[in-house]
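Printed here is entry09.pdb (PDB, C-alpha atoms):
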```pdb
MODEL        1
ATOM      1  CA  MET A   7     141.215  15.445  79.984
ATOM      2  CA  LEU A   8     141.805  13.194  83.016
ATOM      3  CA  VAL A   9     144.720  15.352  84.210
ATOM      4  CA  PHE A  10     142.615  18.467  83.681
ATOM      5  CA  LEU A  11     139.757  16.961  85.707
ATOM      6  CA  THR A  12     142.122  15.865  88.494
ATOM      7  CA  ARG A  13     143.563  19.366  88.809
ATOM      8  CA  ARG A  14     140.084  20.865  89.039
ATOM      9  CA  ILE A  15     138.956  18.367  91.687
ATOM     10  CA  VAL A  16     142.066  18.910  93.820
ATOM     11  CA  ALA A  17     141.659  22.686  93.579
ATOM     12  CA  GLY A  18     137.995  22.336  94.552
ATOM     13  CA  LEU A  19     138.819  20.211  97.610
ATOM     14  CA  VAL A  20     141.434  22.729  98.731
ATOM     15  CA  LEU A  21     138.892  25.526  98.348
ATOM     16  CA  ILE A  22     136.330  23.620 100.445
ATOM     17  CA  VAL A  23     138.843  23.091 103.266
ATOM     18  CA  VAL A  24     140.032  26.718 103.203
ATOM     19  CA  VAL A  25     136.518  28.203 103.194
ATOM     20  CA  SER A  26     135.429  25.812 105.947
ATOM     21  CA  ALA A  27     138.444  26.767 108.107
ATOM     22  CA  VAL A  28     137.911  30.498 107.610
ATOM     23  CA  THR A  29     134.175  30.276 108.308
ATOM     24  CA  PHE A  30     134.753  28.097 111.367
ATOM     25  CA  SER A  31     137.294  30.539 112.786
ATOM     26  CA  LEU A  32     134.824  33.394 112.361
ATOM     27  CA  VAL A  33     131.740  31.781 113.892
ATOM     28  CA  TYR A  34     133.463  29.806 116.675
ATOM     29  CA  SER A  35     135.967  32.468 117.731
ATOM     30  CA  ASP A  36     134.243  33.140 121.081
ATOM     31  CA  GLY A  37     132.845  30.030 122.758
ATOM     32  CA  GLU A  38     131.358  31.794 125.781
ATOM     33  CA  ARG A  39     129.544  34.271 123.536
ATOM     34  CA  ILE A  40     127.948  31.367 121.670
ATOM     35  CA  ALA A  41     126.933  29.722 124.951
ATOM     36  CA  ARG A  42     125.384  32.965 126.160
ATOM     37  CA  LEU A  43     123.443  33.339 122.912
ATOM     38  CA  ILE A  44     122.065  29.850 123.446
ATOM     39  CA  LEU A  45     121.124  30.372 127.108
ATOM     40  CA  GLY A  46     119.965  33.970 126.750
ATOM     41  CA  PRO A  47     121.295  37.357 127.901
ATOM     42  CA  ASN A  48     120.131  36.846 131.492
ATOM     43  CA  ALA A  49     121.944  33.533 132.023
ATOM     44  CA  ASP A  50     124.341  33.167 134.953
ATOM     45  CA  GLN A  51     128.042  33.306 134.062
ATOM     46  CA  ALA A  52     128.657  29.924 135.684
ATOM     47  CA  ALA A  53     125.930  28.373 133.575
ATOM     48  CA  VAL A  54     127.437  29.961 130.459
ATOM     49  CA  VAL A  55     130.866  28.511 131.251
ATOM     50  CA  GLN A  56     129.362  25.094 131.943
ATOM     51  CA  ARG A  57     127.388  25.160 128.680
ATOM     52  CA  ALA A  58     130.519  26.120 126.751
ATOM     53  CA  GLN A  59     132.371  23.169 128.299
ATOM     54  CA  GLU A  60     129.511  20.777 127.438
ATOM     55  CA  LEU A  61     129.660  21.853 123.791
ATOM     56  CA  GLY A  62     133.455  21.769 123.678
ATOM     57  CA  LEU A  63     133.601  25.494 122.986
ATOM     58  CA  ASN A  64     136.271  26.033 125.630
ATOM     59  CA  GLU A  65     138.840  24.055 123.627
ATOM     60  CA  PRO A  66     141.410  25.843 121.437
ATOM     61  CA  LEU A  67     139.940  26.896 118.115
ATOM     62  CA  LEU A  68     142.277  24.658 116.122
ATOM     63  CA  VAL A  69     141.283  21.624 118.195
ATOM     64  CA  GLN A  70     137.599  22.431 117.707
ATOM     65  CA  PHE A  71     138.089  22.668 113.936
ATOM     66  CA  PHE A  72     139.889  19.326 113.681
ATOM     67  CA  VAL A  73     137.171  17.661 115.766
ATOM     68  CA  TRP A  74     134.473  19.210 113.532
ATOM     69  CA  PHE A  75     136.322  18.281 110.352
ATOM     70  CA  GLY A  76     136.932  14.733 111.581
ATOM     71  CA  ASN A  77     133.225  14.335 112.272
ATOM     72  CA  LEU A  78     132.506  15.799 108.843
ATOM     73  CA  LEU A  79     134.539  13.043 107.180
ATOM     74  CA  HIS A  80     132.210  10.565 108.885
ATOM     75  CA  GLY A  81     129.104  12.398 107.677
ATOM     76  CA  ASP A  82     128.402  14.129 110.977
ATOM     77  CA  LEU A  83     127.831  17.896 110.922
ATOM     78  CA  GLY A  84     126.797  18.083 114.559
ATOM     79  CA  ARG A  85     123.437  18.941 116.069
ATOM     80  CA  SER A  86     121.389  22.108 115.952
ATOM     81  CA  PHE A  87     121.627  24.338 119.003
ATOM     82  CA  SER A  88     117.925  25.225 118.770
ATOM     83  CA  ASN A  89     116.130  21.888 118.192
ATOM     84  CA  HIS A  90     119.001  19.401 118.816
ATOM     85  CA  ARG A  91     118.312  17.594 115.537
ATOM     86  CA  PRO A  92     121.235  16.433 113.375
ATOM     87  CA  VAL A  93     122.317  19.167 110.985
ATOM     88  CA  ILE A  94     122.556  16.708 108.098
ATOM     89  CA  GLU A  95     118.900  15.758 108.645
ATOM     90  CA  THR A  96     117.827  19.387 108.475
ATOM     91  CA  LEU A  97     119.835  19.988 105.300
ATOM     92  CA  VAL A  98     118.432  16.873 103.620
ATOM     93  CA  ASN A  99     114.928  18.263 104.114
ATOM     94  CA  ARG A 100     115.845  21.721 102.815
ATOM     95  CA  VAL A 101     118.395  21.118 100.066
ATOM     96  CA  PRO A 102     116.014  19.623  97.422
ATOM     97  CA  VAL A 103     113.861  22.772  97.458
ATOM     98  CA  THR A 104     116.790  25.127  96.810
ATOM     99  CA  LEU A 105     118.357  22.803  94.224
ATOM    100  CA  ALA A 106     115.049  22.564  92.384
ATOM    101  CA  LEU A 107     114.666  26.350  92.389
ATOM    102  CA  VAL A 108     118.223  27.114  91.284
ATOM    103  CA  GLY A 109     118.501  24.134  88.920
ATOM    104  CA  LEU A 110     115.326  24.970  87.026
ATOM    105  CA  THR A 111     116.381  28.619  86.877
ATOM    106  CA  LEU A 112     119.723  27.646  85.335
ATOM    107  CA  LEU A 113     118.017  25.387  82.802
ATOM    108  CA  VAL A 114     115.579  28.115  81.777
ATOM    109  CA  THR A 115     118.443  30.630  81.639
ATOM    110  CA  LEU A 116     120.564  28.372  79.437
ATOM    111  CA  ILE A 117     117.782  27.803  76.926
ATOM    112  CA  PHE A 118     116.521  31.361  76.642
ATOM    113  CA  ALA A 119     119.921  33.060  76.898
ATOM    114  CA  VAL A 120     121.225  31.061  73.928
ATOM    115  CA  ILE A 121     118.080  31.714  71.883
ATOM    116  CA  ILE A 122     117.978  35.438  72.676
ATOM    117  CA  GLY A 123     121.737  35.934  72.278
ATOM    118  CA  LEU A 124     121.847  34.130  68.933
ATOM    119  CA  LEU A 125     118.733  35.874  67.646
ATOM    120  CA  SER A 126     120.094  39.260  68.672
ATOM    121  CA  ALA A 127     123.432  38.660  66.928
ATOM    122  CA  TYR A 128     121.846  37.094  63.832
ATOM    123  CA  LYS A 129     119.005  39.537  63.205
ATOM    124  CA  GLY A 130     120.526  42.833  64.328
ATOM    125  CA  GLY A 131     118.544  46.025  63.754
ATOM    126  CA  TRP A 132     115.436  46.649  65.823
ATOM    127  CA  VAL A 133     115.394  43.057  67.058
ATOM    128  CA  ASP A 134     118.865  43.498  68.525
ATOM    129  CA  SER A 135     117.923  46.854  70.041
ATOM    130  CA  GLY A 136     114.754  45.465  71.588
ATOM    131  CA  LEU A 137     116.520  42.458  73.084
ATOM    132  CA  ARG A 138     119.306  44.623  74.469
ATOM    133  CA  THR A 139     116.706  46.895  76.065
ATOM    134  CA  PHE A 140     115.175  43.832  77.691
ATOM    135  CA  GLY A 141     118.660  42.874  78.872
ATOM    136  CA  VAL A 142     119.223  46.215  80.563
ATOM    137  CA  PHE A 143     115.766  46.123  82.177
ATOM    138  CA  GLY A 144     116.165  42.562  83.433
ATOM    139  CA  PHE A 145     119.664  43.116  84.764
ATOM    140  CA  ALA A 146     118.785  46.369  86.543
ATOM    141  CA  THR A 147     115.552  45.195  88.199
ATOM    142  CA  PRO A 148     116.016  43.511  91.607
ATOM    143  CA  HIS A 149     114.699  39.977  92.029
ATOM    144  CA  PHE A 150     112.329  40.920  94.834
ATOM    145  CA  LEU A 151     110.602  43.606  92.733
ATOM    146  CA  LEU A 152     110.102  41.121  89.915
ATOM    147  CA  ALA A 153     108.783  38.594  92.415
ATOM    148  CA  ILE A 154     106.260  41.049  93.877
ATOM    149  CA  GLY A 155     105.126  42.104  90.412
ATOM    150  CA  LEU A 156     104.643  38.479  89.321
ATOM    151  CA  VAL A 157     102.644  37.682  92.449
ATOM    152  CA  VAL A 158     100.388  40.683  91.946
ATOM    153  CA  LEU A 159      99.776  39.843  88.281
ATOM    154  CA  PHE A 160      99.528  36.060  88.144
ATOM    155  CA  ALA A 161      98.471  35.134  91.690
ATOM    156  CA  ILE A 162      96.314  38.041  92.892
ATOM    157  CA  THR A 163      94.936  39.608  89.702
ATOM    158  CA  LEU A 164      94.630  36.573  87.411
ATOM    159  CA  GLY A 165      94.578  33.887  90.094
ATOM    160  CA  ILE A 166      96.166  31.252  87.864
ATOM    161  CA  LEU A 167      99.238  30.455  89.991
ATOM    162  CA  PRO A 168      99.803  30.084  93.750
ATOM    163  CA  ALA A 169     101.386  33.077  95.463
ATOM    164  CA  THR A 170     103.262  31.123  98.132
ATOM    165  CA  GLY A 171     103.964  27.591  99.308
ATOM    166  CA  TYR A 172     105.777  24.533  98.048
ATOM    167  CA  ILE A 173     104.419  21.139  96.999
ATOM    168  CA  PRO A 174     106.903  18.227  96.837
ATOM    169  CA  PRO A 175     107.080  16.480  93.446
ATOM    170  CA  ALA A 176     106.297  13.116  95.066
ATOM    171  CA  LYS A 177     102.981  14.499  96.303
ATOM    172  CA  SER A 178     101.900  16.247  93.097
ATOM    173  CA  PRO A 179     104.194  16.773  90.056
ATOM    174  CA  SER A 180     101.853  19.345  88.555
ATOM    175  CA  GLY A 181     101.529  21.160  91.885
ATOM    176  CA  TRP A 182     105.310  21.120  92.249
ATOM    177  CA  ILE A 183     105.721  22.786  88.863
ATOM    178  CA  GLN A 184     103.042  25.376  89.624
ATOM    179  CA  SER A 185     104.630  26.259  92.967
ATOM    180  CA  LEU A 186     107.976  26.944  91.257
ATOM    181  CA  ILE A 187     106.858  28.820  88.139
ATOM    182  CA  LEU A 188     106.773  32.269  89.752
ATOM    183  CA  PRO A 189     109.974  31.879  91.852
ATOM    184  CA  VAL A 190     111.919  30.517  88.882
ATOM    185  CA  THR A 191     110.638  33.294  86.628
ATOM    186  CA  ALA A 192     111.582  35.967  89.172
ATOM    187  CA  LEU A 193     115.123  34.610  89.377
ATOM    188  CA  ALA A 194     115.506  33.787  85.691
ATOM    189  CA  ILE A 195     114.631  37.165  84.151
ATOM    190  CA  GLY A 196     117.754  38.868  85.454
ATOM    191  CA  THR A 197     120.071  35.945  84.708
ATOM    192  CA  ILE A 198     118.681  35.540  81.195
ATOM    193  CA  ALA A 199     119.219  39.238  80.543
ATOM    194  CA  SER A 200     122.852  39.088  81.643
ATOM    195  CA  ALA A 201     123.759  35.751  80.044
ATOM    196  CA  SER A 202     122.077  36.563  76.714
ATOM    197  CA  GLN A 203     124.204  39.699  76.365
ATOM    198  CA  GLN A 204     127.337  37.622  76.943
ATOM    199  CA  VAL A 205     126.232  35.119  74.302
ATOM    200  CA  ARG A 206     125.465  37.917  71.850
ATOM    201  CA  GLY A 207     128.836  39.590  72.339
ATOM    202  CA  ALA A 208     130.741  36.308  72.099
ATOM    203  CA  VAL A 209     128.930  35.290  68.897
ATOM    204  CA  LEU A 210     129.594  38.664  67.277
ATOM    205  CA  ASP A 211     133.307  38.364  68.177
ATOM    206  CA  VAL A 212     133.478  34.896  66.626
ATOM    207  CA  MET A 213     131.747  36.105  63.463
ATOM    208  CA  LYS A 214     134.662  38.513  62.913
ATOM    209  CA  GLN A 215     137.222  35.689  62.748
ATOM    210  CA  ASP A 216     139.007  34.778  59.527
ATOM    211  CA  TYR A 217     137.688  31.229  59.347
ATOM    212  CA  ILE A 218     134.117  32.584  59.396
ATOM    213  CA  ARG A 219     134.881  34.689  56.337
ATOM    214  CA  THR A 220     136.348  31.585  54.692
ATOM    215  CA  LEU A 221     133.175  29.626  55.398
ATOM    216  CA  ARG A 222     131.033  32.413  53.972
ATOM    217  CA  SER A 223     133.206  32.645  50.854
ATOM    218  CA  ARG A 224     132.636  28.937  50.271
ATOM    219  CA  GLY A 225     128.900  29.475  50.238
ATOM    220  CA  VAL A 226     128.048  27.973  53.622
ATOM    221  CA  PRO A 227     124.614  29.314  54.655
ATOM    222  CA  LEU A 228     124.777  32.031  57.291
ATOM    223  CA  ARG A 229     122.316  30.244  59.535
ATOM    224  CA  ALA A 230     124.475  27.108  59.517
ATOM    225  CA  ILE A 231     127.565  29.169  60.355
ATOM    226  CA  TYR A 232     125.822  30.646  63.393
ATOM    227  CA  LEU A 233     124.462  27.339  64.655
ATOM    228  CA  ARG A 234     127.315  24.934  63.840
ATOM    229  CA  HIS A 235     130.430  27.069  64.189
ATOM    230  CA  ALA A 236     129.873  30.403  65.927
ATOM    231  CA  LEU A 237     127.753  29.059  68.785
ATOM    232  CA  LYS A 238     130.206  26.317  69.784
ATOM    233  CA  ASN A 239     133.240  28.593  69.672
ATOM    234  CA  ALA A 240     131.374  31.294  71.581
ATOM    235  CA  SER A 241     130.207  28.897  74.291
ATOM    236  CA  ALA A 242     133.169  29.472  76.648
ATOM    237  CA  PRO A 243     132.207  33.048  77.707
ATOM    238  CA  GLY A 244     128.564  32.040  78.002
ATOM    239  CA  LEU A 245     129.361  29.017  80.170
ATOM    240  CA  THR A 246     131.663  31.112  82.357
ATOM    241  CA  THR A 247     128.885  33.648  82.851
ATOM    242  CA  LEU A 248     126.455  30.847  83.654
ATOM    243  CA  GLY A 249     128.792  29.555  86.363
ATOM    244  CA  LEU A 250     129.039  33.024  87.893
ATOM    245  CA  GLN A 251     125.290  33.431  87.658
ATOM    246  CA  PHE A 252     124.855  30.246  89.665
ATOM    247  CA  VAL A 253     126.618  31.839  92.638
ATOM    248  CA  ALA A 254     124.407  34.908  92.295
ATOM    249  CA  LEU A 255     121.322  32.686  92.131
ATOM    250  CA  LEU A 256     122.185  31.101  95.470
ATOM    251  CA  GLY A 257     122.231  34.579  96.970
ATOM    252  CA  GLY A 258     119.031  35.592  95.219
ATOM    253  CA  ALA A 259     117.326  32.392  96.400
ATOM    254  CA  VAL A 260     117.526  33.659  99.992
ATOM    255  CA  VAL A 261     115.176  36.541  99.187
ATOM    256  CA  ILE A 262     112.974  34.620  96.754
ATOM    257  CA  GLU A 263     112.399  31.788  99.226
ATOM    258  CA  GLN A 264     111.281  34.294 101.818
ATOM    259  CA  ILE A 265     108.845  36.012  99.439
ATOM    260  CA  PHE A 266     107.288  32.757  98.176
ATOM    261  CA  ALA A 267     107.524  30.909 101.535
ATOM    262  CA  LEU A 268     109.676  28.124 100.120
ATOM    263  CA  PRO A 269     111.241  25.835 102.764
ATOM    264  CA  GLY A 270     114.743  25.906 101.300
ATOM    265  CA  ILE A 271     118.280  26.747 102.335
ATOM    266  CA  GLY A 272     117.716  30.501 102.049
ATOM    267  CA  SER A 273     114.977  30.661 104.659
ATOM    268  CA  LEU A 274     116.958  28.234 106.835
ATOM    269  CA  VAL A 275     119.960  30.575 106.844
ATOM    270  CA  ILE A 276     117.865  33.541 107.963
ATOM    271  CA  VAL A 277     116.151  31.607 110.774
ATOM    272  CA  SER A 278     119.442  30.072 111.931
ATOM    273  CA  ALA A 279     121.166  33.456 111.964
ATOM    274  CA  LEU A 280     118.380  34.939 114.089
ATOM    275  CA  LYS A 281     118.664  32.031 116.533
ATOM    276  CA  SER A 282     122.494  32.009 116.453
ATOM    277  CA  ASP A 283     122.357  28.337 115.463
ATOM    278  CA  ILE A 284     126.048  28.018 114.531
ATOM    279  CA  PRO A 285     126.066  24.312 113.492
ATOM    280  CA  ILE A 286     123.265  24.953 110.992
ATOM    281  CA  ILE A 287     125.116  27.970 109.594
ATOM    282  CA  MET A 288     128.333  25.952 109.217
ATOM    283  CA  GLY A 289     126.482  23.115 107.509
ATOM    284  CA  THR A 290     124.765  25.521 105.139
ATOM    285  CA  VAL A 291     128.028  27.249 104.230
ATOM    286  CA  LEU A 292     129.663  23.886 103.583
ATOM    287  CA  PHE A 293     126.788  22.801 101.353
ATOM    288  CA  LEU A 294     126.894  26.018  99.336
ATOM    289  CA  VAL A 295     130.664  25.791  98.846
ATOM    290  CA  VAL A 296     130.442  22.161  97.713
ATOM    291  CA  VAL A 297     127.669  22.945  95.243
ATOM    292  CA  VAL A 298     129.564  25.939  93.829
ATOM    293  CA  VAL A 299     132.728  23.832  93.424
ATOM    294  CA  ILE A 300     130.809  21.069  91.636
ATOM    295  CA  VAL A 301     129.114  23.525  89.286
ATOM    296  CA  ASN A 302     132.444  25.214  88.473
ATOM    297  CA  ILE A 303     134.022  21.832  87.702
ATOM    298  CA  VAL A 304     131.136  20.971  85.386
ATOM    299  CA  VAL A 305     131.446  24.364  83.664
ATOM    300  CA  ASP A 306     135.223  23.910  83.269
ATOM    301  CA  LEU A 307     134.688  20.475  81.719
ATOM    302  CA  ALA A 308     132.110  21.880  79.313
ATOM    303  CA  ILE A 309     134.487  24.671  78.305
ATOM    304  CA  ALA A 310     137.344  22.175  77.893
ATOM    305  CA  TRP A 311     135.146  20.050  75.644
ATOM    306  CA  ALA A 312     134.182  23.042  73.506
ATOM    307  CA  ASN A 313     137.690  24.529  73.427
ATOM    308  CA  PRO A 314     140.559  22.023  74.009
ATOM    309  CA  LYS A 315     143.047  24.919  74.333
ATOM    310  CA  SER A 316     141.510  25.827  77.702
ATOM    311  CA  ARG A 317     142.748  22.546  79.203
ATOM    312  CA  VAL A 318     146.245  23.962  79.520
TER     313      VAL A 318
ENDMDL
END
```
Mind converting the file's structure to structure tokens?
Amino acid sequence: MLVFLTRRIVAGLVLIVVVSAVTFSLVYSDGERIARLILGPNADQAAVVQRAQELGLNEPLLVQFFVWFGNLLHGDLGRSFSNHRPVIETLVNRVPVTLALVGLTLLVTLIFAVIIGLLSAYKGGWVDSGLRTFGVFGFATPHFLLAIGLVVLFAITLGILPATGYIPPAKSPSGWIQSLILPVTALAIGTIASASQQVRGAVLDVMKQDYIRTLRSRGVPLRAIYLRHALKNASAPGLTTLGLQFVALLGGAVVIEQIFALPGIGSLVIVSALKSDIPIIMGTVLFLVVVVVIVNIVVDLAIAWANPKSRV
């Protein structure tokens, strides 16, 4: 297991460096253009050149990347072009909101996808048909439409949940939960629909195996076979889907945070892109890549625990 973990960590570090280099080369390819975006379209050319020199944007791209990466190793992601605050400080204020949104969505997805997938495979018949219909509906409906519908129903019509805003957990745990119920639900419906179908299909495939027939011939209760044997052996496809869903959730969080006015990474990316705040964009990309790598490593470890053959 240690060798398996080491390989995954090394591969993740290589991926972080490669994605950082590619992103850096794309956003820092034209230093004078960046300086002009900062100073405005009417800025004098001499002022643009001077600003580019002050920011080190006139250096060769490779030199700029090594300087940026060296600072990164010391925990320095540079300063924002718009407000001159350290990028790491901005991310620290925004990251907990996005992690709370995506983390709670994954937790809700894991619980309900397993329950729905198992129930669909175990019951069959109209239950299976109804749950599959829900799966198609949830997968096909965009997050923003679900979000708008939830706001209209629970915030405007019933008035039982806040429509927008975010309350930190340190200020009010109950208010924090209430401010995330609608965003998490809007994100979770689609992911639950997709993941539950993967769990259902994987469980049905496992139930066709020879050892399952052996267990049934020995009189092992069907419910115990589903819970103790089929679910564990079918966990690999479900965990893989969950890891892929995490990447999709990060993308969906951009829209959801805008709709519910959550001060997370998604809204930060949009504002930074409009202001051409390159350091913020680079820091955000780096954060997202690191989080995705960590989640994939955790998923790989979970799959390796459930199925030792996957370690090779």
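Atom CA of Leu107 of chain A to atom CA of Leu186 of chain A spans 6.8 Å [interatomic distance, one decimal].
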**OP:** Would you write out, as a ChimeraX atom specification, every residue that the PyMOL selection byres ((chain A and resi 265-280) around 9) captures in this file?
**Re:** /A:88,97,99-105,107,150,153-154,157,169-172,185,188-189,256-264,281-287,290
For C-alpha atoms, I'd like the residues from the last selection saved as a PDB file, in the frame of the given file.
```
ATOM      1  CA  SER A  88     117.925  25.225 118.770  1.00  0.00           C
ATOM      2  CA  LEU A  97     119.835  19.988 105.300  1.00  0.00           C
ATOM      3  CA  ASN A  99     114.928  18.263 104.114  1.00  0.00           C
ATOM      4  CA  ARG A 100     115.845  21.721 102.815  1.00  0.00           C
ATOM      5  CA  VAL A 101     118.395  21.118 100.066  1.00  0.00           C
ATOM      6  CA  PRO A 102     116.014  19.623  97.422  1.00  0.00           C
ATOM      7  CA  VAL A 103     113.861  22.772  97.458  1.00  0.00           C
ATOM      8  CA  THR A 104     116.790  25.127  96.810  1.00  0.00           C
ATOM      9  CA  LEU A 105     118.357  22.803  94.224  1.00  0.00           C
ATOM     10  CA  LEU A 107     114.666  26.350  92.389  1.00  0.00           C
ATOM     11  CA  PHE A 150     112.329  40.920  94.834  1.00  0.00           C
ATOM     12  CA  ALA A 153     108.783  38.594  92.415  1.00  0.00           C
ATOM     13  CA  ILE A 154     106.260  41.049  93.877  1.00  0.00           C
ATOM     14  CA  VAL A 157     102.644  37.682  92.449  1.00  0.00           C
ATOM     15  CA  ALA A 169     101.386  33.077  95.463  1.00  0.00           C
ATOM     16  CA  THR A 170     103.262  31.123  98.132  1.00  0.00           C
ATOM     17  CA  GLY A 171     103.964  27.591  99.308  1.00  0.00           C
ATOM     18  CA  TYR A 172     105.777  24.533  98.048  1.00  0.00           C
ATOM     19  CA  SER A 185     104.630  26.259  92.967  1.00  0.00           C
ATOM     20  CA  LEU A 188     106.773  32.269  89.752  1.00  0.00           C
ATOM     21  CA  PRO A 189     109.974  31.879  91.852  1.00  0.00           C
ATOM     22  CA  LEU A 256     122.185  31.101  95.470  1.00  0.00           C
ATOM     23  CA  GLY A 257     122.231  34.579  96.970  1.00  0.00           C
ATOM     24  CA  GLY A 258     119.031  35.592  95.219  1.00  0.00           C
ATOM     25  CA  ALA A 259     117.326  32.392  96.400  1.00  0.00           C
ATOM     26  CA  VAL A 260     117.526  33.659  99.992  1.00  0.00           C
ATOM     27  CA  VAL A 261     115.176  36.541  99.187  1.00  0.00           C
ATOM     28  CA  ILE A 262     112.974  34.620  96.754  1.00  0.00           C
ATOM     29  CA  GLU A 263     112.399  31.788  99.226  1.00  0.00           C
ATOM     30  CA  GLN A 264     111.281  34.294 101.818  1.00  0.00           C
ATOM     31  CA  LYS A 281     118.664  32.031 116.533  1.00  0.00           C
ATOM     32  CA  SER A 282     122.494  32.009 116.453  1.00  0.00           C
ATOM     33  CA  ASP A 283     122.357  28.337 115.463  1.00  0.00           C
ATOM     34  CA  ILE A 284     126.048  28.018 114.531  1.00  0.00           C
ATOM     35  CA  PRO A 285     126.066  24.312 113.492  1.00  0.00           C
ATOM     36  CA  ILE A 286     123.265  24.953 110.992  1.00  0.00           C
ATOM     37  CA  ILE A 287     125.116  27.970 109.594  1.00  0.00           C
ATOM     38  CA  THR A 290     124.765  25.521 105.139  1.00  0.00           C
TER      39      THR A 290
END
```
**OP:** Around the point (116.7, 39.1, 76.1) in the file's coordinates, collect all residues with an atom within 12 Å, using only C-alpha atoms, and return them as a PyMOL selection string.
**Re:** chain A and resi 115-127+133-145+194-206
To test your reading of the syntax: which residues would the PyMOL selection byres ((chain A and resi 218) around 12) return for the file shown? Reply as a PDB file with C-alpha atoms, keeping the file's coordinate frame.
```pdb
ATOM      1  CA  VAL A 209     128.930  35.290  68.897  1.00  0.00           C
ATOM      2  CA  LEU A 210     129.594  38.664  67.277  1.00  0.00           C
ATOM      3  CA  ASP A 211     133.307  38.364  68.177  1.00  0.00           C
ATOM      4  CA  VAL A 212     133.478  34.896  66.626  1.00  0.00           C
ATOM      5  CA  MET A 213     131.747  36.105  63.463  1.00  0.00           C
ATOM      6  CA  LYS A 214     134.662  38.513  62.913  1.00  0.00           C
ATOM      7  CA  GLN A 215     137.222  35.689  62.748  1.00  0.00           C
ATOM      8  CA  ASP A 216     139.007  34.778  59.527  1.00  0.00           C
ATOM      9  CA  TYR A 217     137.688  31.229  59.347  1.00  0.00           C
ATOM     10  CA  ARG A 219     134.881  34.689  56.337  1.00  0.00           C
ATOM     11  CA  THR A 220     136.348  31.585  54.692  1.00  0.00           C
ATOM     12  CA  LEU A 221     133.175  29.626  55.398  1.00  0.00           C
ATOM     13  CA  ARG A 222     131.033  32.413  53.972  1.00  0.00           C
ATOM     14  CA  SER A 223     133.206  32.645  50.854  1.00  0.00           C
ATOM     15  CA  ARG A 224     132.636  28.937  50.271  1.00  0.00           C
ATOM     16  CA  GLY A 225     128.900  29.475  50.238  1.00  0.00           C
ATOM     17  CA  VAL A 226     128.048  27.973  53.622  1.00  0.00           C
ATOM     18  CA  PRO A 227     124.614  29.314  54.655  1.00  0.00           C
ATOM     19  CA  LEU A 228     124.777  32.031  57.291  1.00  0.00           C
ATOM     20  CA  ALA A 230     124.475  27.108  59.517  1.00  0.00           C
ATOM     21  CA  ILE A 231     127.565  29.169  60.355  1.00  0.00           C
ATOM     22  CA  TYR A 232     125.822  30.646  63.393  1.00  0.00           C
ATOM     23  CA  ARG A 234     127.315  24.934  63.840  1.00  0.00           C
ATOM     24  CA  HIS A 235     130.430  27.069  64.189  1.00  0.00           C
ATOM     25  CA  ALA A 236     129.873  30.403  65.927  1.00  0.00           C
ATOM     26  CA  LEU A 237     127.753  29.059  68.785  1.00  0.00           C
ATOM     27  CA  ASN A 239     133.240  28.593  69.672  1.00  0.00           C
TER      28      ASN A 239
END
```
Original post:
What does the distance from atom CA of Arg13 of chain A to atom CA of Val69 of chain A come to in Å, to one decimal?
Top reply: 29.6 Å
**OP:** Tell me which of A:Phe87, A:Val20, A:Ala254, A:Trp311 sits closest to Leu45 of chain A, counting only C-alpha atoms.
**Re:**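 Nearest to Leu45 of chain A: A:Phe87.
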**OP:** List the residues selected by the PyMOL selection byres ((chain A and resi 306) around 10) in the file shown, writing them as a ChimeraX atom specification.
**Re:** /A:10-11,14,242,245-246,249,300-305,307-312,316-317
Original post:
Expressed in Å to a single decimal, how great is the separation between atom CA of Thr147 of chain A and atom CA of Val190 of chain A?
Top reply: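 Pair atom CA of Thr147 of chain A / atom CA of Val190 of chain A returns 15.1 Å.
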Original post:
Which is closest to Phe72 of chain A among A:Ala208, A:Val23, A:Leu167, A:Ile15, if we use all atoms listed in the file?
Top reply: A:Val23
